[in-house]
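Structure file structure-v8.cif (mmCIF, C-alpha atoms) follows.
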```cif
data_protein
loop_
_atom_site.label_atom_id
_atom_site.label_comp_id
_atom_site.auth_asym_id
_atom_site.auth_seq_id
_atom_site.Cartn_x
_atom_site.Cartn_y
_atom_site.Cartn_z
CA MET A 1 -43.87 -1.73 -40.75
CA ARG A 2 -40.55 -1.24 -39.05
CA ARG A 3 -38.54 -4.39 -38.60
CA THR A 4 -36.87 -4.96 -35.31
CA PRO A 5 -33.19 -5.77 -35.75
CA CYS A 6 -32.43 -9.28 -34.55
CA TYR A 7 -29.75 -8.16 -32.10
CA THR A 8 -32.26 -5.97 -30.22
CA THR A 9 -34.62 -8.96 -30.01
CA TYR A 10 -31.77 -10.97 -28.55
CA MET A 11 -31.06 -8.17 -26.10
CA GLN A 12 -34.68 -8.10 -25.00
CA SER A 13 -34.94 -11.86 -24.68
CA ASP A 14 -31.66 -11.94 -22.74
CA MET A 15 -32.98 -9.33 -20.35
CA ASN A 16 -36.25 -11.25 -19.95
CA LEU A 17 -34.29 -14.41 -19.25
CA LEU A 18 -32.09 -12.59 -16.77
CA HIS A 19 -35.05 -11.10 -14.98
CA GLY A 20 -37.16 -14.22 -14.96
CA GLY A 21 -34.39 -16.71 -14.36
CA VAL A 22 -32.05 -16.82 -11.41
CA ALA A 23 -32.71 -14.74 -8.33
CA LEU A 24 -30.48 -11.94 -9.53
CA ASP A 25 -31.52 -9.59 -6.76
CA MET A 26 -29.92 -11.96 -4.27
CA PHE A 27 -26.63 -11.74 -6.17
CA LEU A 28 -26.96 -7.95 -6.23
CA TRP A 29 -27.23 -7.91 -2.44
CA ILE A 30 -24.31 -10.31 -2.09
CA GLY A 31 -22.31 -8.02 -4.40
CA PHE A 32 -23.34 -5.05 -2.30
CA ALA A 33 -22.24 -6.77 0.93
CA ALA A 34 -18.89 -7.66 -0.67
CA ALA A 35 -18.46 -4.05 -1.84
CA VAL A 36 -19.17 -2.74 1.69
CA LEU A 37 -16.62 -5.17 3.11
CA VAL A 38 -13.91 -4.36 0.56
CA PHE A 39 -14.52 -0.61 0.79
CA GLY A 40 -14.43 -0.77 4.60
CA LEU A 41 -11.16 -2.71 4.72
CA TYR A 42 -9.58 -0.63 1.97
CA SER A 43 -10.60 2.62 3.65
CA ALA A 44 -9.25 1.47 7.01
CA ILE A 45 -5.84 0.75 5.43
CA LEU A 46 -5.91 3.99 3.44
CA LEU A 47 -6.84 6.18 6.41
CA TRP A 48 -4.23 4.45 8.56
CA HIS A 49 -1.60 5.32 5.94
CA TRP A 50 -2.72 8.94 5.94
CA LYS A 51 -2.40 9.07 9.71
CA GLU A 52 0.91 7.23 9.89
CA TYR A 53 2.87 8.58 6.95
CA SER A 54 1.43 12.04 6.43
CA THR A 55 3.79 14.50 4.80
CA GLY A 56 1.44 17.47 4.64
CA LYS A 57 -1.98 18.99 5.04
CA PHE A 58 -3.58 16.37 2.82
CA THR A 59 -4.67 14.29 5.81
CA THR A 60 -7.31 16.70 6.95
CA VAL A 61 -10.64 15.61 8.36
CA ALA A 62 -12.38 17.32 5.40
CA ASN A 63 -10.54 15.11 2.89
CA MET A 64 -11.36 12.00 4.86
CA PHE A 65 -15.02 13.01 4.93
CA ILE A 66 -15.01 13.58 1.16
CA TYR A 67 -13.47 10.15 0.56
CA VAL A 68 -15.79 8.26 2.91
CA GLY A 69 -18.82 10.41 1.98
CA VAL A 70 -18.60 9.86 -1.78
CA GLY A 71 -17.76 6.16 -1.29
CA GLY A 72 -20.73 5.80 1.06
CA GLY A 73 -22.94 7.63 -1.45
CA LEU A 74 -21.99 5.20 -4.21
CA LEU A 75 -22.69 2.25 -1.90
CA ALA A 76 -26.09 3.77 -1.06
CA LEU A 77 -26.80 4.08 -4.79
CA MET A 78 -25.91 0.40 -5.22
CA ALA A 79 -28.29 -0.53 -2.40
CA PHE A 80 -31.02 1.66 -3.88
CA ALA A 81 -30.60 0.07 -7.32
CA ALA A 82 -30.63 -3.43 -5.83
CA GLY A 83 -33.80 -2.51 -3.92
CA VAL A 84 -35.50 -1.12 -7.05
CA TYR A 85 -34.52 -4.24 -9.00
CA GLY A 86 -36.02 -6.60 -6.44
CA PHE A 87 -39.14 -4.53 -5.78
CA MET B 1 6.54 27.01 2.62
CA VAL B 2 7.13 24.48 5.36
CA SER B 3 5.64 26.18 8.41
CA ASP B 4 2.38 24.24 8.28
CA LEU B 5 3.79 20.81 7.69
CA HIS B 6 2.95 17.85 9.85
CA ILE B 7 5.71 15.48 8.92
CA HIS B 8 5.31 12.17 10.75
CA ALA B 9 7.02 10.09 8.11
CA VAL B 10 10.64 10.94 8.96
CA GLN B 11 12.71 11.09 12.14
CA PHE B 12 14.78 14.25 12.03
CA LYS B 13 18.16 14.62 13.68
CA GLU B 14 18.93 17.06 16.47
CA GLY B 15 19.25 20.55 14.96
CA GLU B 16 18.04 19.44 11.55
CA ARG B 17 15.84 22.03 9.86
CA VAL B 18 13.47 21.47 6.94
CA VAL B 19 14.27 23.81 4.05
CA ALA B 20 11.60 22.60 1.63
CA LEU B 21 9.22 19.77 0.93
CA VAL B 22 8.74 18.83 -2.71
CA ARG B 23 6.14 16.58 -4.33
CA ARG B 24 5.50 15.52 -7.89
CA HIS B 25 3.63 17.97 -10.07
CA TRP B 26 -0.20 17.78 -9.94
CA PHE B 27 -0.22 16.84 -13.65
CA HIS B 28 0.62 13.26 -12.62
CA ILE B 29 -2.54 12.91 -10.51
CA ALA B 30 -4.66 14.86 -13.02
CA ILE B 31 -3.88 12.18 -15.64
CA VAL B 32 -5.15 9.45 -13.31
CA ALA B 33 -8.33 11.44 -12.57
CA ALA B 34 -8.96 12.12 -16.27
CA GLY B 35 -8.48 8.42 -17.15
CA ASN B 36 -10.90 7.30 -14.43
CA LEU B 37 -13.47 9.90 -15.45
CA ALA B 38 -13.23 8.91 -19.12
CA LEU B 39 -13.73 5.23 -18.23
CA PHE B 40 -16.78 6.06 -16.09
CA LEU B 41 -18.34 8.26 -18.78
CA LEU B 42 -17.76 5.56 -21.40
CA ALA B 43 -19.58 3.02 -19.22
CA ALA B 44 -22.40 5.52 -18.53
CA VAL B 45 -22.89 6.11 -22.27
CA PHE B 46 -22.95 2.35 -22.88
CA VAL B 47 -25.65 1.85 -20.21
CA ALA B 48 -27.69 4.80 -21.53
CA VAL B 49 -27.57 3.49 -25.11
CA PHE B 50 -28.54 -0.02 -23.98
CA ASP B 51 -31.50 1.27 -21.96
CA SER B 52 -32.63 3.56 -24.77
CA TYR B 53 -32.82 0.51 -27.08
CA LEU B 54 -34.99 -1.30 -24.54
CA PHE B 55 -37.15 1.80 -24.18
CA GLU B 56 -37.57 1.95 -27.96
CA LEU B 57 -38.66 -1.67 -27.99
CA GLY B 58 -41.18 -1.04 -25.22
CA SER B 59 -39.50 -3.71 -23.16
CA GLY B 60 -41.22 -4.93 -20.03
CA VAL B 61 -37.93 -5.16 -18.15
CA LEU B 62 -36.85 -1.55 -18.63
CA LYS B 63 -37.09 -0.74 -14.92
CA GLU B 64 -34.91 -3.71 -14.03
CA SER B 65 -32.45 -2.85 -16.77
CA ILE B 66 -32.10 0.73 -15.51
CA ALA B 67 -31.64 -0.56 -11.94
CA LEU B 68 -28.95 -2.99 -13.12
CA GLY B 69 -27.24 -0.19 -15.06
CA VAL B 70 -27.24 2.14 -12.06
CA TYR B 71 -25.94 -0.69 -9.85
CA ALA B 72 -23.11 -1.46 -12.26
CA LEU B 73 -22.22 2.22 -12.67
CA ALA B 74 -22.19 2.77 -8.91
CA LEU B 75 -19.94 -0.27 -8.46
CA LEU B 76 -17.60 0.91 -11.21
CA GLY B 77 -17.65 4.42 -9.71
CA LEU B 78 -16.72 2.99 -6.31
CA VAL B 79 -13.79 1.01 -7.74
CA LEU B 80 -12.54 4.07 -9.68
CA TRP B 81 -13.00 6.31 -6.62
CA MET B 82 -10.92 3.91 -4.49
CA HIS B 83 -8.28 3.70 -7.23
CA PHE B 84 -8.13 7.49 -7.50
CA PHE B 85 -7.69 7.93 -3.77
CA ALA B 86 -4.98 5.26 -3.67
CA ALA B 87 -3.18 7.19 -6.42
CA TRP B 88 -3.76 10.49 -4.62
CA SER B 89 -2.45 9.02 -1.37
CA ASP B 90 0.60 7.73 -3.19
CA HIS B 91 1.07 11.21 -4.64
CA TRP B 92 0.89 12.78 -1.20
CA LEU B 93 2.86 10.20 0.73
CA ASP B 94 5.75 10.33 -1.74
CA ALA B 95 7.91 13.36 -1.07
CA TRP B 96 11.38 14.76 -1.19
CA ILE B 97 12.37 16.67 1.91
CA ILE B 98 15.31 19.05 1.68
CA THR B 99 16.85 19.83 5.05
CA ASN B 100 19.97 21.76 6.04
CA GLU B 101 21.83 18.39 6.28
CA ARG B 102 20.42 16.05 3.63
CA VAL B 103 17.86 15.32 0.95
CA ILE B 104 15.34 12.67 2.00
CA ASP B 105 13.54 10.59 -0.63
CA ILE B 106 10.28 8.98 0.55
CA GLU B 107 8.91 6.43 -1.90
CA GLN B 108 5.63 4.69 -1.15
CA ARG B 109 4.93 1.69 -3.41
CA GLY B 110 1.41 0.42 -2.91
CA PHE B 111 0.18 -0.04 0.63
CA PHE B 112 2.82 -2.26 2.14
CA SER B 113 6.10 -1.21 0.59
CA ARG B 114 7.91 1.93 1.60
CA GLU B 115 11.44 3.17 1.04
CA VAL B 116 13.10 6.14 2.71
CA SER B 117 16.59 7.13 1.50
CA SER B 118 18.87 9.90 2.73
CA PHE B 119 21.44 11.77 0.66
CA PRO B 120 23.78 13.87 2.85
CA LEU B 121 24.44 17.31 1.34
CA ASP B 122 28.21 16.96 1.78
CA ARG B 123 28.20 13.93 -0.51
CA ILE B 124 26.27 15.56 -3.35
CA GLN B 125 28.52 16.23 -6.35
CA ASP B 126 26.18 17.61 -8.95
CA VAL B 127 22.55 18.64 -9.39
CA THR B 128 21.06 18.76 -12.87
CA TYR B 129 17.54 19.04 -14.22
CA GLY B 130 15.76 18.54 -17.51
CA VAL B 131 12.39 19.65 -18.81
CA HIS B 132 11.18 17.51 -21.68
CA GLY B 133 8.01 17.85 -23.74
CA ILE B 134 5.51 20.55 -24.52
CA ILE B 135 3.29 19.92 -21.48
CA ALA B 136 6.27 19.89 -19.11
CA MET B 137 7.48 23.16 -20.66
CA TRP B 138 4.03 24.72 -20.39
CA LEU B 139 3.33 23.60 -16.80
CA ASN B 140 6.96 23.98 -15.71
CA PHE B 141 7.90 20.57 -14.34
CA GLY B 142 10.81 18.27 -15.02
CA ASP B 143 13.20 15.63 -13.70
CA LEU B 144 15.97 16.55 -11.31
CA ARG B 145 19.04 14.34 -10.89
CA ILE B 146 21.26 14.46 -7.83
CA GLN B 147 24.63 12.76 -8.26
CA THR B 148 26.37 11.66 -5.09
CA ALA B 149 29.86 10.47 -4.25
CA SER B 150 28.65 7.01 -3.29
CA ILE B 151 28.25 3.72 -5.06
CA SER B 152 24.47 3.81 -4.69
CA ASP B 153 22.27 5.08 -7.50
CA ASP B 154 21.73 8.76 -8.11
CA LEU B 155 18.59 10.32 -6.73
CA ILE B 156 16.14 11.13 -9.50
CA MET B 157 13.25 13.37 -8.57
CA LYS B 158 10.63 12.84 -11.28
CA GLN B 159 8.15 15.47 -12.47
CA VAL B 160 9.24 18.08 -9.96
CA PRO B 161 7.38 21.39 -10.16
CA ALA B 162 9.64 24.38 -10.90
CA PRO B 163 12.83 22.24 -11.14
CA GLU B 164 15.09 25.27 -11.52
CA GLU B 165 13.95 26.69 -8.18
CA VAL B 166 14.31 23.31 -6.46
CA LYS B 167 17.82 22.95 -7.88
CA GLU B 168 18.71 26.40 -6.54
CA LEU B 169 17.33 25.46 -3.11
CA ILE B 170 19.50 22.35 -2.99
CA VAL B 171 22.60 24.20 -4.21
CA GLN B 172 21.98 26.90 -1.61
CA ALA B 173 21.55 24.29 1.13
CA ILE B 174 24.82 22.65 0.04
CA ASP B 175 26.62 26.04 0.17
CA ASN B 176 25.22 26.80 3.63
CA ASN B 177 26.22 23.34 4.84
CA ARG B 178 29.89 23.84 3.95
#
```
Step by step, read the file and then write its structure as structure tokens.
Amino acid sequence: MRRTPCYTTYMQSDMNLLHGGVALDMFLWIGFAAAVLVFGLYSAILLWHWKEYSTGKFTTVANMFIYVGVGGGLLALMAFAAGVYGF
Amino acid sequence: MVSDLHIHAVQFKEGERVVALVRRHWFHIAIVAAGNLALFLLAAVFVAVFDSYLFELGSGVLKESIALGVYALALLGLVLWMHFFAAWSDHWLDAWIITNERVIDIEQRGFFSREVSSFPLDRIQDVTYGVHGIIAMWLNFGDLRIQTASISDDLIMKQVPAPEEVKELIVQAIDNNR
């Protein structure tokens, strides 16, 4: 019979504890809200800089859409993962 | 070269004409992108290995573990994405503008620190450049030093693409200015 290494048992018991213990999904949503806030503020400052101090064609609408689009996509993935965790 | 520029960052004088706009070589930003990508891939491998162990054990919390992993990776990806765009913005907001009257050095440090220096062409004494290292040789970028007849520091343009051509542009602008 294959023996389970002790560290994997610890890993599993840690995960069980994590899942069954504190309301982690609440922390995930708080983390998500904080990420939305930080990303929003950061983006506002970044886009303002692009508008104010542009020295070339970099500040196109397409580039802004790429930045906000990918950032928004990652935030959506965070929300999805938090939703799956709590479901 | 400069016909499609939208330069808002500098106030030009009456009759001043932009000869060229120079930025650091793309290698600088490629290094940042590669570092961020490597960090993200490392984290993704770690999460995948962790979850595969749980899968092997037939763990009852595999779904939650995968969700946590995806959440953490998305958060890390967001932080790295923001860092990359800050670096890219810095790359694009920093510039050296060569006009028929002066060389302008725009240096953006972070979000709230910005320095714009002017070096009049008639005060420039010498322009030298150096290309150091195998990558710099291969991709053709190097540092360009402009010595002026003032007590302030020399202007050093770091990692300039095609430094020989930029030097020639400045020397030509100085000649035309005389």
Any chance you could work out the residue set of the PyMOL selection byres ((chain B) within 9 of (chain A)) here, as a PDB file with C-alpha atoms, keeping the file's coordinate frame?
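Below is the file expr39.pdb, written as the result:
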```pdb
ATOM      1  CA  ASP B   4       2.380  24.240   8.280  1.00  0.00           C
ATOM      2  CA  LEU B   5       3.790  20.810   7.690  1.00  0.00           C
ATOM      3  CA  HIS B   6       2.950  17.850   9.850  1.00  0.00           C
ATOM      4  CA  ILE B   7       5.710  15.480   8.920  1.00  0.00           C
ATOM      5  CA  HIS B   8       5.310  12.170  10.750  1.00  0.00           C
ATOM      6  CA  ALA B   9       7.020  10.090   8.110  1.00  0.00           C
ATOM      7  CA  VAL B  10      10.640  10.940   8.960  1.00  0.00           C
ATOM      8  CA  LEU B  21       9.220  19.770   0.930  1.00  0.00           C
ATOM      9  CA  PHE B  50     -28.540  -0.020 -23.980  1.00  0.00           C
ATOM     10  CA  TYR B  53     -32.820   0.510 -27.080  1.00  0.00           C
ATOM     11  CA  LEU B  54     -34.990  -1.300 -24.540  1.00  0.00           C
ATOM     12  CA  LEU B  57     -38.660  -1.670 -27.990  1.00  0.00           C
ATOM     13  CA  SER B  59     -39.500  -3.710 -23.160  1.00  0.00           C
ATOM     14  CA  GLY B  60     -41.220  -4.930 -20.030  1.00  0.00           C
ATOM     15  CA  VAL B  61     -37.930  -5.160 -18.150  1.00  0.00           C
ATOM     16  CA  LEU B  62     -36.850  -1.550 -18.630  1.00  0.00           C
ATOM     17  CA  LYS B  63     -37.090  -0.740 -14.920  1.00  0.00           C
ATOM     18  CA  GLU B  64     -34.910  -3.710 -14.030  1.00  0.00           C
ATOM     19  CA  SER B  65     -32.450  -2.850 -16.770  1.00  0.00           C
ATOM     20  CA  ILE B  66     -32.100   0.730 -15.510  1.00  0.00           C
ATOM     21  CA  ALA B  67     -31.640  -0.560 -11.940  1.00  0.00           C
ATOM     22  CA  LEU B  68     -28.950  -2.990 -13.120  1.00  0.00           C
ATOM     23  CA  GLY B  69     -27.240  -0.190 -15.060  1.00  0.00           C
ATOM     24  CA  VAL B  70     -27.240   2.140 -12.060  1.00  0.00           C
ATOM     25  CA  TYR B  71     -25.940  -0.690  -9.850  1.00  0.00           C
ATOM     26  CA  ALA B  72     -23.110  -1.460 -12.260  1.00  0.00           C
ATOM     27  CA  LEU B  73     -22.220   2.220 -12.670  1.00  0.00           C
ATOM     28  CA  ALA B  74     -22.190   2.770  -8.910  1.00  0.00           C
ATOM     29  CA  LEU B  75     -19.940  -0.270  -8.460  1.00  0.00           C
ATOM     30  CA  GLY B  77     -17.650   4.420  -9.710  1.00  0.00           C
ATOM     31  CA  LEU B  78     -16.720   2.990  -6.310  1.00  0.00           C
ATOM     32  CA  VAL B  79     -13.790   1.010  -7.740  1.00  0.00           C
ATOM     33  CA  TRP B  81     -13.000   6.310  -6.620  1.00  0.00           C
ATOM     34  CA  MET B  82     -10.920   3.910  -4.490  1.00  0.00           C
ATOM     35  CA  PHE B  85      -7.690   7.930  -3.770  1.00  0.00           C
ATOM     36  CA  ALA B  86      -4.980   5.260  -3.670  1.00  0.00           C
ATOM     37  CA  SER B  89      -2.450   9.020  -1.370  1.00  0.00           C
ATOM     38  CA  TRP B  92       0.890  12.780  -1.200  1.00  0.00           C
ATOM     39  CA  LEU B  93       2.860  10.200   0.730  1.00  0.00           C
ATOM     40  CA  ASP B  94       5.750  10.330  -1.740  1.00  0.00           C
ATOM     41  CA  ALA B  95       7.910  13.360  -1.070  1.00  0.00           C
ATOM     42  CA  PHE B 111       0.180  -0.040   0.630  1.00  0.00           C
TER      43      PHE B 111
END
```
*Fewer than 5 positions away in the same chain doesn't count, so skip those; otherwise give me all residues within 8 Å of range 22-31 of chain B, counting only C-alpha atoms, as a PyMOL selection string.*
chain B and resi 87-88+91-92+94-98+141+158-161
_So the first atom is CA of Gln147 in chain B and the second is CA of Ile124 in chain B; what is the distance between them in Å, to one decimal place?_
5.9 Å
_Target residues per the PyMOL selection byres ((chain B and resi 129) around 8), formatted as number ranges by chain_ = B: 127-128, 130-131, 142-145, 163-164, 167
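Relative to CA of Ala38 in chain B, CA of Ala44 in chain A is found at 27.5 Å.
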*Enter the distance from CA of Leu169 in chain B to CA of Leu121 in chain B, in Å, rounded to one decimal.*
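Taking CA of Leu169 in chain B and CA of Leu121 in chain B, their separation equals 11.7 Å.
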_Considering only C-alpha atoms, can you say which of B:Ala149, B:Val49, B:Leu139, B:Ile156 comes closest to Ser117 in chain B?_
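Of the candidates, the smallest distance to Ser117 in chain B is held by B:Ile156.
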Starting from the PyMOL selection byres ((chain B and resi 13) around 12), expand the selection into actual residues of this file and give them as an mmCIF file with C-alpha atoms, in the frame of the given file.
```cif
data_model
loop_
_atom_site.group_PDB
_atom_site.id
_atom_site.type_symbol
_atom_site.label_atom_id
_atom_site.label_comp_id
_atom_site.auth_asym_id
_atom_site.auth_seq_id
_atom_site.Cartn_x
_atom_site.Cartn_y
_atom_site.Cartn_z
ATOM 1 C CA VAL B 10 10.640 10.940 8.960
ATOM 2 C CA GLN B 11 12.710 11.090 12.140
ATOM 3 C CA PHE B 12 14.780 14.250 12.030
ATOM 4 C CA GLU B 14 18.930 17.060 16.470
ATOM 5 C CA GLY B 15 19.250 20.550 14.960
ATOM 6 C CA GLU B 16 18.040 19.440 11.550
ATOM 7 C CA ARG B 17 15.840 22.030 9.860
ATOM 8 C CA VAL B 18 13.470 21.470 6.940
ATOM 9 C CA THR B 99 16.850 19.830 5.050
ATOM 10 C CA ASN B 100 19.970 21.760 6.040
ATOM 11 C CA GLU B 101 21.830 18.390 6.280
ATOM 12 C CA ARG B 102 20.420 16.050 3.630
ATOM 13 C CA SER B 118 18.870 9.900 2.730
#
```
As a short mmCIF file (atom, residue, chain, number, x, y, z; two decimals), in the frame of the given file, the rebuilt range 29-56 of chain B with N, CA and C atoms:
```
data_model
loop_
_atom_site.label_atom_id
_atom_site.label_comp_id
_atom_site.auth_asym_id
_atom_site.auth_seq_id
_atom_site.Cartn_x
_atom_site.Cartn_y
_atom_site.Cartn_z
N ILE B 29 -1.27 13.39 -11.10
CA ILE B 29 -2.54 12.91 -10.51
C ILE B 29 -3.73 13.31 -11.39
N ALA B 30 -3.58 14.42 -12.12
CA ALA B 30 -4.66 14.86 -13.02
C ALA B 30 -4.88 13.84 -14.14
N ILE B 31 -3.79 13.21 -14.60
CA ILE B 31 -3.88 12.18 -15.64
C ILE B 31 -4.69 10.98 -15.14
N VAL B 32 -4.41 10.58 -13.90
CA VAL B 32 -5.15 9.45 -13.31
C VAL B 32 -6.64 9.80 -13.21
N ALA B 33 -6.94 11.01 -12.73
CA ALA B 33 -8.33 11.44 -12.57
C ALA B 33 -9.04 11.48 -13.92
N ALA B 34 -8.36 12.01 -14.94
CA ALA B 34 -8.96 12.12 -16.27
C ALA B 34 -9.24 10.72 -16.84
N GLY B 35 -8.31 9.79 -16.66
CA GLY B 35 -8.48 8.42 -17.15
C GLY B 35 -9.67 7.75 -16.49
N ASN B 36 -9.78 7.90 -15.17
CA ASN B 36 -10.90 7.30 -14.43
C ASN B 36 -12.24 7.90 -14.88
N LEU B 37 -12.25 9.21 -15.04
CA LEU B 37 -13.47 9.90 -15.45
C LEU B 37 -13.90 9.46 -16.84
N ALA B 38 -12.93 9.33 -17.75
CA ALA B 38 -13.23 8.91 -19.12
C ALA B 38 -13.83 7.50 -19.13
N LEU B 39 -13.24 6.61 -18.32
CA LEU B 39 -13.73 5.23 -18.23
C LEU B 39 -15.17 5.20 -17.71
N PHE B 40 -15.44 6.02 -16.68
CA PHE B 40 -16.78 6.06 -16.09
C PHE B 40 -17.79 6.60 -17.10
N LEU B 41 -17.43 7.67 -17.81
CA LEU B 41 -18.34 8.26 -18.78
C LEU B 41 -18.63 7.30 -19.93
N LEU B 42 -17.60 6.57 -20.34
CA LEU B 42 -17.76 5.56 -21.40
C LEU B 42 -18.78 4.50 -20.97
N ALA B 43 -18.65 4.03 -19.74
CA ALA B 43 -19.58 3.02 -19.22
C ALA B 43 -20.99 3.60 -19.10
N ALA B 44 -21.09 4.87 -18.68
CA ALA B 44 -22.40 5.52 -18.53
C ALA B 44 -23.09 5.65 -19.89
N VAL B 45 -22.33 5.99 -20.91
CA VAL B 45 -22.89 6.11 -22.27
C VAL B 45 -23.38 4.74 -22.75
N PHE B 46 -22.58 3.71 -22.49
CA PHE B 46 -22.95 2.35 -22.88
C PHE B 46 -24.28 1.95 -22.23
N VAL B 47 -24.41 2.20 -20.94
CA VAL B 47 -25.65 1.85 -20.21
C VAL B 47 -26.83 2.65 -20.76
N ALA B 48 -26.60 3.94 -21.02
CA ALA B 48 -27.69 4.80 -21.53
C ALA B 48 -28.16 4.33 -22.90
N VAL B 49 -27.21 3.96 -23.76
CA VAL B 49 -27.57 3.49 -25.11
C VAL B 49 -28.34 2.17 -25.02
N PHE B 50 -27.87 1.28 -24.16
CA PHE B 50 -28.54 -0.02 -23.98
C PHE B 50 -29.98 0.18 -23.51
N ASP B 51 -30.16 1.03 -22.51
CA ASP B 51 -31.50 1.27 -21.96
C ASP B 51 -32.40 1.98 -22.97
N SER B 52 -31.81 2.86 -23.78
CA SER B 52 -32.63 3.56 -24.77
C SER B 52 -33.15 2.59 -25.83
N TYR B 53 -32.36 1.56 -26.16
CA TYR B 53 -32.82 0.51 -27.08
C TYR B 53 -34.02 -0.22 -26.48
N LEU B 54 -33.89 -0.57 -25.20
CA LEU B 54 -34.99 -1.30 -24.54
C LEU B 54 -36.23 -0.43 -24.48
N PHE B 55 -36.03 0.86 -24.24
CA PHE B 55 -37.15 1.80 -24.18
C PHE B 55 -37.86 1.86 -25.54
N GLU B 56 -37.05 1.89 -26.60
CA GLU B 56 -37.57 1.95 -27.96
C GLU B 56 -38.40 0.71 -28.29
#
```
